[in-house]
$ cat structure07.cif   # mmCIF, C-alpha atoms
data_query
#
loop_
_atom_site.group_PDB
_atom_site.id
_atom_site.type_symbol
_atom_site.label_atom_id
_atom_site.label_comp_id
_atom_site.auth_asym_id
_atom_site.auth_seq_id
_atom_site.Cartn_x
_atom_site.Cartn_y
_atom_site.Cartn_z
ATOM 1 C CA MET A 1 -92.749 162.138 24.500
ATOM 2 C CA SER A 2 -94.453 164.106 21.722
ATOM 3 C CA ASN A 3 -97.306 161.574 21.703
ATOM 4 C CA ILE A 4 -97.792 162.020 25.443
ATOM 5 C CA ALA A 5 -97.730 165.819 25.083
ATOM 6 C CA THR A 6 -100.286 165.632 22.257
ATOM 7 C CA PHE A 7 -102.514 163.360 24.348
ATOM 8 C CA ILE A 8 -102.367 165.729 27.330
ATOM 9 C CA LYS A 9 -103.068 168.741 25.123
ATOM 10 C CA GLU A 10 -106.071 167.032 23.532
ATOM 11 C CA ARG A 11 -107.360 165.888 26.929
ATOM 12 C CA LYS A 12 -107.187 169.456 28.228
ATOM 13 C CA ARG A 13 -109.150 170.660 25.209
ATOM 14 C CA ARG A 14 -111.792 167.974 25.733
ATOM 15 C CA ILE A 15 -112.163 168.867 29.418
ATOM 16 C CA PHE A 16 -112.433 172.571 28.545
ATOM 17 C CA MET A 17 -115.075 171.794 25.904
ATOM 18 C CA SER A 18 -117.049 169.678 28.393
ATOM 19 C CA LEU A 19 -116.882 172.309 31.120
ATOM 20 C CA PHE A 20 -117.694 175.256 28.846
ATOM 21 C CA GLY A 21 -120.394 173.263 27.041
ATOM 22 C CA VAL A 22 -122.182 172.361 30.284
ATOM 23 C CA ILE A 23 -121.977 175.969 31.513
ATOM 24 C CA ILE A 24 -123.467 177.219 28.233
ATOM 25 C CA CYS A 25 -126.242 174.603 28.411
ATOM 26 C CA ALA A 26 -127.014 175.573 32.006
ATOM 27 C CA ILE A 27 -127.285 179.256 31.078
ATOM 28 C CA SER A 28 -129.602 178.343 28.209
ATOM 29 C CA VAL A 29 -131.941 176.434 30.532
ATOM 30 C CA GLY A 30 -132.210 179.549 32.705
ATOM 31 C CA ILE A 31 -133.102 181.550 29.582
ATOM 32 C CA PHE A 32 -135.685 178.907 28.610
ATOM 33 C CA LYS A 33 -137.256 179.196 32.058
ATOM 34 C CA LEU A 34 -137.465 182.981 31.777
ATOM 35 C CA ALA A 35 -139.136 182.624 28.372
ATOM 36 C CA ALA A 36 -141.728 180.299 29.991
ATOM 37 C CA LEU A 37 -142.690 178.845 26.616
ATOM 38 C CA GLY A 38 -141.619 175.294 27.308
ATOM 39 C CA VAL A 39 -138.299 173.617 28.062
ATOM 40 C CA ASP A 40 -136.679 170.370 26.908
ATOM 41 C CA PRO A 41 -138.352 167.125 28.149
ATOM 42 C CA PHE A 42 -135.986 166.421 31.054
ATOM 43 C CA GLN A 43 -136.271 170.000 32.261
ATOM 44 C CA SER A 44 -140.070 169.622 32.053
ATOM 45 C CA LEU A 45 -139.733 166.850 34.621
ATOM 46 C CA MET A 46 -137.376 168.973 36.707
ATOM 47 C CA SER A 47 -139.803 171.927 36.549
ATOM 48 C CA GLY A 48 -142.604 169.706 37.843
ATOM 49 C CA LEU A 49 -140.443 168.434 40.675
ATOM 50 C CA ASP A 50 -139.237 171.968 41.419
ATOM 51 C CA SER A 51 -142.849 173.143 41.768
ATOM 52 C CA LEU A 52 -143.677 170.331 44.183
ATOM 53 C CA ILE A 53 -140.530 169.955 46.290
ATOM 54 C CA PRO A 54 -139.550 173.010 48.398
ATOM 55 C CA ILE A 55 -135.773 172.985 47.944
ATOM 56 C CA GLU A 56 -133.433 174.984 45.701
ATOM 57 C CA PHE A 57 -133.438 173.930 42.056
ATOM 58 C CA GLY A 58 -129.663 173.400 42.030
ATOM 59 C CA THR A 59 -129.812 170.988 44.969
ATOM 60 C CA LEU A 60 -132.855 169.200 43.529
ATOM 61 C CA TYR A 61 -131.048 168.761 40.202
ATOM 62 C CA VAL A 62 -128.067 167.157 41.950
ATOM 63 C CA ILE A 63 -130.326 164.758 43.891
ATOM 64 C CA VAL A 64 -132.311 163.618 40.831
ATOM 65 C CA ASN A 65 -129.166 163.151 38.751
ATOM 66 C CA ALA A 66 -127.430 161.315 41.590
ATOM 67 C CA VAL A 67 -130.289 158.783 41.531
ATOM 68 C CA LEU A 68 -129.914 158.422 37.744
ATOM 69 C CA LEU A 69 -126.138 158.115 38.204
ATOM 70 C CA ILE A 70 -126.644 155.138 40.525
ATOM 71 C CA PHE A 71 -128.798 153.542 37.818
ATOM 72 C CA SER A 72 -126.024 154.044 35.244
ATOM 73 C CA LEU A 73 -123.301 152.751 37.548
ATOM 74 C CA VAL A 74 -125.293 149.579 38.165
ATOM 75 C CA ALA A 75 -126.552 149.081 34.590
ATOM 76 C CA ASP A 76 -123.572 150.217 32.466
ATOM 77 C CA ARG A 77 -120.654 152.381 33.572
ATOM 78 C CA HIS A 78 -119.367 152.857 30.030
ATOM 79 C CA ASN A 79 -121.286 156.125 29.503
ATOM 80 C CA ILE A 80 -120.068 157.773 32.695
ATOM 81 C CA GLY A 81 -117.141 160.190 32.446
ATOM 82 C CA ILE A 82 -115.801 163.548 33.577
ATOM 83 C CA ALA A 83 -118.554 165.396 31.714
ATOM 84 C CA THR A 84 -121.201 163.398 33.588
ATOM 85 C CA PHE A 85 -120.016 164.770 36.923
ATOM 86 C CA ILE A 86 -119.518 168.292 35.556
ATOM 87 C CA ASN A 87 -123.145 168.168 34.411
ATOM 88 C CA LEU A 88 -124.365 166.668 37.692
ATOM 89 C CA PHE A 89 -122.773 169.206 40.035
ATOM 90 C CA LEU A 90 -122.782 172.413 37.973
ATOM 91 C CA LEU A 91 -125.783 172.565 35.653
ATOM 92 C CA GLY A 92 -128.524 172.922 38.270
ATOM 93 C CA TYR A 93 -126.828 175.683 40.258
ATOM 94 C CA ILE A 94 -125.782 177.671 37.176
ATOM 95 C CA THR A 95 -129.345 177.423 35.837
ATOM 96 C CA GLN A 96 -130.709 178.643 39.177
ATOM 97 C CA PHE A 97 -128.268 181.570 39.275
ATOM 98 C CA THR A 98 -128.995 182.499 35.644
ATOM 99 C CA LEU A 99 -132.761 182.506 36.154
ATOM 100 C CA GLU A 100 -132.560 184.568 39.358
ATOM 101 C CA PHE A 101 -130.262 187.084 37.646
ATOM 102 C CA LEU A 102 -132.493 187.381 34.570
ATOM 103 C CA ARG A 103 -135.642 187.782 36.671
ATOM 104 C CA LYS A 104 -134.035 190.740 38.442
ATOM 105 C CA LEU A 105 -132.899 192.155 35.114
ATOM 106 C CA ILE A 106 -136.228 191.534 33.328
ATOM 107 C CA PRO A 107 -138.887 191.091 36.053
ATOM 108 C CA ASN A 108 -141.902 191.077 33.701
ATOM 109 C CA PRO A 109 -140.787 190.111 30.178
ATOM 110 C CA SER A 110 -143.218 190.905 27.360
ATOM 111 C CA MET A 111 -144.240 188.219 24.872
ATOM 112 C CA PRO A 112 -141.758 189.475 22.221
ATOM 113 C CA ALA A 113 -139.007 189.380 24.851
ATOM 114 C CA ARG A 114 -140.023 185.844 25.847
ATOM 115 C CA VAL A 115 -139.965 184.689 22.217
ATOM 116 C CA LEU A 116 -136.531 186.275 21.781
ATOM 117 C CA CYS A 117 -135.301 184.506 24.927
ATOM 118 C CA LEU A 118 -136.633 181.214 23.573
ATOM 119 C CA LEU A 119 -134.764 181.652 20.285
ATOM 120 C CA ILE A 120 -131.559 182.676 22.073
ATOM 121 C CA GLY A 121 -131.925 179.722 24.443
ATOM 122 C CA ILE A 122 -132.272 177.267 21.541
ATOM 123 C CA VAL A 123 -129.148 178.555 19.785
ATOM 124 C CA ILE A 124 -127.106 178.564 22.994
ATOM 125 C CA ILE A 125 -128.157 175.079 24.135
ATOM 126 C CA CYS A 126 -127.300 173.647 20.705
ATOM 127 C CA PHE A 127 -123.909 175.338 20.743
ATOM 128 C CA GLY A 128 -123.185 174.079 24.267
ATOM 129 C CA SER A 129 -124.402 170.580 23.423
ATOM 130 C CA ALA A 130 -122.121 170.446 20.375
ATOM 131 C CA LEU A 131 -119.085 171.248 22.540
ATOM 132 C CA TYR A 132 -120.107 168.850 25.297
ATOM 133 C CA MET A 133 -120.931 165.962 22.949
ATOM 134 C CA THR A 134 -117.876 166.382 20.698
ATOM 135 C CA ALA A 135 -115.593 166.324 23.753
ATOM 136 C CA ASP A 136 -116.817 162.727 24.281
ATOM 137 C CA LEU A 137 -115.991 162.529 27.988
ATOM 138 C CA GLY A 138 -119.248 160.968 29.128
ATOM 139 C CA VAL A 139 -122.924 161.811 28.795
ATOM 140 C CA SER A 140 -125.476 163.239 31.203
ATOM 141 C CA THR A 141 -127.151 160.764 33.543
ATOM 142 C CA TYR A 142 -130.463 161.282 31.720
ATOM 143 C CA ASP A 143 -128.922 160.621 28.289
ATOM 144 C CA ALA A 144 -127.386 157.450 29.696
ATOM 145 C CA VAL A 145 -130.821 155.988 30.531
ATOM 146 C CA ALA A 146 -131.912 155.701 26.896
ATOM 147 C CA ILE A 147 -128.443 154.513 25.867
ATOM 148 C CA VAL A 148 -128.562 151.693 28.419
ATOM 149 C CA MET A 149 -132.071 150.676 27.382
ATOM 150 C CA SER A 150 -131.153 150.554 23.701
ATOM 151 C CA SER A 151 -127.527 149.360 23.686
ATOM 152 C CA LYS A 152 -127.347 147.254 26.837
ATOM 153 C CA TRP A 153 -130.889 145.939 27.289
ATOM 154 C CA LYS A 154 -131.725 145.858 23.544
ATOM 155 C CA LEU A 155 -135.247 147.214 24.080
ATOM 156 C CA GLY A 156 -135.259 149.036 20.743
ATOM 157 C CA LYS A 157 -133.464 151.655 18.695
ATOM 158 C CA PHE A 158 -132.070 154.596 20.621
ATOM 159 C CA LYS A 159 -134.198 157.220 18.830
ATOM 160 C CA TYR A 160 -137.423 155.410 19.729
ATOM 161 C CA ILE A 161 -136.358 154.743 23.321
ATOM 162 C CA ARG A 162 -135.406 158.416 23.653
ATOM 163 C CA ILE A 163 -138.812 159.511 22.378
ATOM 164 C CA CYS A 164 -140.429 157.284 25.027
ATOM 165 C CA THR A 165 -138.258 158.567 27.886
ATOM 166 C CA ASP A 166 -138.878 162.151 26.746
ATOM 167 C CA LEU A 167 -142.655 161.579 26.694
ATOM 168 C CA VAL A 168 -142.530 160.037 30.171
ATOM 169 C CA CYS A 169 -140.586 163.057 31.463
ATOM 170 C CA VAL A 170 -143.082 165.532 29.963
ATOM 171 C CA VAL A 171 -146.140 163.656 31.264
ATOM 172 C CA ILE A 172 -144.753 163.200 34.785
ATOM 173 C CA GLY A 173 -143.509 166.792 34.840
ATOM 174 C CA CYS A 174 -146.946 168.134 33.883
ATOM 175 C CA VAL A 175 -148.721 165.941 36.457
ATOM 176 C CA LEU A 176 -146.369 167.082 39.224
ATOM 177 C CA PHE A 177 -146.696 170.703 38.062
ATOM 178 C CA VAL A 178 -150.506 170.575 38.391
ATOM 179 C CA THR A 179 -150.317 168.572 41.634
ATOM 180 C CA ALA A 180 -148.207 171.391 43.099
ATOM 181 C CA GLY A 181 -151.190 173.736 42.631
ATOM 182 C CA ASN A 182 -150.512 175.240 39.222
ATOM 183 C CA SER A 183 -153.375 175.602 36.760
ATOM 184 C CA LEU A 184 -153.715 173.529 33.601
ATOM 185 C CA SER A 185 -153.443 176.734 31.568
ATOM 186 C CA ALA A 186 -149.906 177.219 32.937
ATOM 187 C CA ILE A 187 -148.629 173.881 31.579
ATOM 188 C CA PRO A 188 -147.306 175.465 28.329
ATOM 189 C CA THR A 189 -144.721 177.319 30.440
ATOM 190 C CA ILE A 190 -142.936 173.988 31.075
ATOM 191 C CA ALA A 191 -144.203 171.875 28.151
ATOM 192 C CA GLY A 192 -145.000 174.124 25.223
ATOM 193 C CA VAL A 193 -143.661 175.342 21.923
ATOM 194 C CA GLY A 194 -140.105 175.357 23.279
ATOM 195 C CA THR A 195 -140.413 171.661 24.108
ATOM 196 C CA ILE A 196 -141.576 170.870 20.567
ATOM 197 C CA ILE A 197 -138.815 172.960 18.988
ATOM 198 C CA THR A 198 -136.081 171.320 21.084
ATOM 199 C CA ALA A 199 -137.449 167.886 20.182
ATOM 200 C CA PHE A 200 -137.384 168.465 16.407
ATOM 201 C CA PHE A 201 -134.747 171.125 15.700
ATOM 202 C CA MET A 202 -131.952 170.584 18.215
ATOM 203 C CA GLY A 203 -130.402 167.720 16.236
ATOM 204 C CA PRO A 204 -129.727 169.686 13.021
ATOM 205 C CA LEU A 205 -128.487 172.746 14.937
ATOM 206 C CA ILE A 206 -126.164 170.661 17.110
ATOM 207 C CA ASP A 207 -124.801 169.023 13.966
ATOM 208 C CA PHE A 208 -124.238 172.480 12.421
ATOM 209 C CA PHE A 209 -122.206 173.660 15.424
ATOM 210 C CA ASN A 210 -120.354 170.337 15.496
ATOM 211 C CA VAL A 211 -119.185 170.762 11.908
ATOM 212 C CA ARG A 212 -118.584 174.518 12.021
ATOM 213 C CA PHE A 213 -117.016 174.942 15.446
ATOM 214 C CA ALA A 214 -116.690 172.021 17.882
ATOM 215 C CA ARG A 215 -114.799 169.546 15.683
ATOM 216 C CA PRO A 216 -112.485 172.179 14.144
ATOM 217 C CA PHE A 217 -111.695 173.488 17.628
ATOM 218 C CA LEU A 218 -110.801 170.001 18.872
ATOM 219 C CA GLU A 219 -108.753 169.142 15.778
ATOM 220 C CA LYS A 220 -106.916 172.478 15.873
ATOM 221 C CA GLY A 221 -104.811 171.291 18.777
ATOM 222 C CA ASN A 222 -103.787 168.029 17.082
#

$ encode --input "structure07.cif" --output "structure tokens"
Amino acid sequence: MSNIATFIKERKRRIFMSLFGVIICAISVGIFKLAALGVDPFQSLMSGLDSLIPIEFGTLYVIVNAVLLIFSLVADRHNIGIATFINLFLLGYITQFTLEFLRKLIPNPSMPARVLCLLIGIVIICFGSALYMTADLGVSTYDAVAIVMSSKWKLGKFKYIRICTDLVCVVIGCVLFVTAGNSLSAIPTIAGVGTIITAFFMGPLIDFFNVRFARPFLEKGN
């Protein structure tokens, strides 16, 4: 009975970590968008699509991730879990709400304010990612693509496949962004310094929060 109780307690903690982690990540994406100094590669793609397709960002995010979910279900269901669906249905709408709220609060942010938002966004997304990843209840539909290509299809090592999928997202996002009528000079708002920072510095920061907070929090209940 004690083993069952421990299992249930741990499962509740993992679900909480997944839910809270996704919410934190969604808020951070809204902050990234307000900073307009570049977002992570997948969000670069989403920004391009958002500029071109006239529907709410939250709804668009669900549609795109639903398509990627179908890919994962067909190719390899192993990576799909509770966290996958939390990410699919919540992240886009929370990001949309966060951005709209921040734009009302700070309608015309100065460059120092934008840089501050970028730094805050990086810290928050790494913290949220640490919770979400440590919970180990499934990955996002975009993360699953590179995992399938590397683990299931054996096309190469995950880190190299991920670099390729990230580059494809950035390129397509920028093309769609310009196609929607935005100028070339505006591209750094969706693929800029923030994109570079997330590509090279997220890993160490996520690992820091894993060691300092996420893992201890999960183990505390055991």

$ closest_residue --input "structure07.cif" --among "A:Ile15, A:Leu131, A:Leu118, A:Ile23" --to "Asn210 in chain A" --atoms "all atoms listed in the file"
A:Leu131

$ closest_residue --input "structure07.cif" --among "A:Leu60, A:Gly192, A:Gln96, A:Leu88" --to "Ala35 in chain A" --atoms "only C-alpha atoms"
A:Gly192

$ atom_distance --input "structure07.cif" --atom1 "CA of Phe97 in chain A" --atom2 "CA of Tyr61 in chain A"
13.1 Å

$ resolve_selection --input "structure07.cif" --expression "the PyMOL selection byres ((chain A and resi 133-146) around 8)" --output "PyMOL selection string"
chain A and resi 13-15+17-18+42+65+68-69+71-72+79-84+87-88+129-132+147-150+158+161-162+165+210+214-215+218

$ resolve_selection --input "structure07.cif" --expression "the PyMOL selection byres ((chain A and resi 202) around 10)" --output "mmCIF file with C-alpha atoms, in the coordinates of the input"
data_model
loop_
_atom_site.group_PDB
_atom_site.id
_atom_site.type_symbol
_atom_site.label_atom_id
_atom_site.label_comp_id
_atom_site.auth_asym_id
_atom_site.auth_seq_id
_atom_site.Cartn_x
_atom_site.Cartn_y
_atom_site.Cartn_z
ATOM 1 C CA ASP A 40 -136.679 170.370 26.908
ATOM 2 C CA ILE A 122 -132.272 177.267 21.541
ATOM 3 C CA VAL A 123 -129.148 178.555 19.785
ATOM 4 C CA ILE A 125 -128.157 175.079 24.135
ATOM 5 C CA CYS A 126 -127.300 173.647 20.705
ATOM 6 C CA PHE A 127 -123.909 175.338 20.743
ATOM 7 C CA SER A 129 -124.402 170.580 23.423
ATOM 8 C CA ILE A 196 -141.576 170.870 20.567
ATOM 9 C CA ILE A 197 -138.815 172.960 18.988
ATOM 10 C CA THR A 198 -136.081 171.320 21.084
ATOM 11 C CA ALA A 199 -137.449 167.886 20.182
ATOM 12 C CA PHE A 200 -137.384 168.465 16.407
ATOM 13 C CA PHE A 201 -134.747 171.125 15.700
ATOM 14 C CA GLY A 203 -130.402 167.720 16.236
ATOM 15 C CA PRO A 204 -129.727 169.686 13.021
ATOM 16 C CA LEU A 205 -128.487 172.746 14.937
ATOM 17 C CA ILE A 206 -126.164 170.661 17.110
ATOM 18 C CA ASP A 207 -124.801 169.023 13.966
ATOM 19 C CA PHE A 208 -124.238 172.480 12.421
#

$ resolve_selection --input "structure07.cif" --expression "the PyMOL selection byres ((chain A and resi 57) around 12)" --output "number ranges by chain"
A: 29-30, 33, 43, 46-56, 58-64, 89-100

$ atom_distance --input "structure07.cif" --atom1 "CA of Gly181 in chain A" --atom2 "CA of Val168 in chain A"
20.4 Å

$ closest_residue --input "structure07.cif" --among "A:Thr195, A:Pro188, A:Arg11, A:Ala5" --to "Gly121 in chain A" --atoms "all atoms listed in the file"
A:Thr195

$ closest_residue --input "structure07.cif" --among "A:Ala26, A:Pro41, A:Met111, A:Ala191" --to "Ile163 in chain A" --atoms "all atoms listed in the file"
A:Pro41

$ closest_residue --input "structure07.cif" --among "A:Phe32, A:Gly21, A:Val175, A:Phe7" --to "Arg103 in chain A" --atoms "only C-alpha atoms"
A:Phe32

$ axis_aligned_box --input "structure07.cif" --around "range 171-178 of chain A" --padding-each-side "3 Å" --output "JSON"
{"center_x": -147.0, "center_y": 167.0, "center_z": 35.2, "size_x": 13.0, "size_y": 13.5, "size_z": 14.0}

$ closest_residue --input "structure07.cif" --among "A:Val115, A:Ile86, A:Leu45, A:Val22" --to "Phe177 in chain A" --atoms "all atoms listed in the file"
A:Leu45

$ build_atoms --input "structure07.cif" --residues "range 49-65 of chain A" --atoms "N, CA and C atoms" --output "mmCIF file, in the coordinates of the input"
data_model
loop_
_atom_site.group_PDB
_atom_site.id
_atom_site.type_symbol
_atom_site.label_atom_id
_atom_site.label_comp_id
_atom_site.auth_asym_id
_atom_site.auth_seq_id
_atom_site.Cartn_x
_atom_site.Cartn_y
_atom_site.Cartn_z
ATOM 1 N N LEU A 49 -140.992 168.758 39.358
ATOM 2 C CA LEU A 49 -140.443 168.434 40.675
ATOM 3 C C LEU A 49 -140.134 169.697 41.469
ATOM 4 N N ASP A 50 -139.594 170.701 40.780
ATOM 5 C CA ASP A 50 -139.237 171.968 41.419
ATOM 6 C C ASP A 50 -140.471 172.664 41.993
ATOM 7 N N SER A 51 -141.608 172.524 41.292
ATOM 8 C CA SER A 51 -142.849 173.143 41.768
ATOM 9 C C SER A 51 -143.386 172.438 43.010
ATOM 10 N N LEU A 52 -143.096 171.143 43.099
ATOM 11 C CA LEU A 52 -143.677 170.331 44.183
ATOM 12 C C LEU A 52 -142.781 170.223 45.407
ATOM 13 N N ILE A 53 -141.471 170.180 45.183
ATOM 14 C CA ILE A 53 -140.530 169.955 46.290
ATOM 15 C C ILE A 53 -139.870 171.281 46.697
ATOM 16 N N PRO A 54 -140.027 171.685 47.945
ATOM 17 C CA PRO A 54 -139.550 173.010 48.398
ATOM 18 C C PRO A 54 -138.057 173.084 48.731
ATOM 19 N N ILE A 55 -137.208 172.791 47.747
ATOM 20 C CA ILE A 55 -135.773 172.985 47.944
ATOM 21 C C ILE A 55 -135.230 173.706 46.707
ATOM 22 N N GLU A 56 -134.018 174.248 46.810
ATOM 23 C CA GLU A 56 -133.433 174.984 45.701
ATOM 24 C C GLU A 56 -133.289 174.093 44.477
ATOM 25 N N PHE A 57 -133.493 174.694 43.300
ATOM 26 C CA PHE A 57 -133.438 173.930 42.056
ATOM 27 C C PHE A 57 -132.080 173.251 41.881
ATOM 28 N N GLY A 58 -130.998 173.968 42.201
ATOM 29 C CA GLY A 58 -129.663 173.400 42.030
ATOM 30 C C GLY A 58 -129.475 172.128 42.839
ATOM 31 N N THR A 59 -129.925 172.160 44.095
ATOM 32 C CA THR A 59 -129.812 170.988 44.969
ATOM 33 C C THR A 59 -130.705 169.862 44.470
ATOM 34 N N LEU A 60 -131.922 170.201 44.054
ATOM 35 C CA LEU A 60 -132.855 169.200 43.529
ATOM 36 C C LEU A 60 -132.264 168.525 42.291
ATOM 37 N N TYR A 61 -131.643 169.305 41.425
ATOM 38 C CA TYR A 61 -131.048 168.761 40.202
ATOM 39 C C TYR A 61 -129.949 167.746 40.541
ATOM 40 N N VAL A 62 -129.129 168.076 41.532
ATOM 41 C CA VAL A 62 -128.067 167.157 41.950
ATOM 42 C C VAL A 62 -128.657 165.859 42.482
ATOM 43 N N ILE A 63 -129.709 165.951 43.291
ATOM 44 C CA ILE A 63 -130.326 164.758 43.891
ATOM 45 C C ILE A 63 -130.905 163.841 42.811
ATOM 46 N N VAL A 64 -131.685 164.418 41.897
ATOM 47 C CA VAL A 64 -132.311 163.618 40.831
ATOM 48 C C VAL A 64 -131.238 162.951 39.970
ATOM 49 N N ASN A 65 -130.213 163.711 39.602
ATOM 50 C CA ASN A 65 -129.166 163.151 38.751
ATOM 51 C C ASN A 65 -128.287 162.153 39.492
#
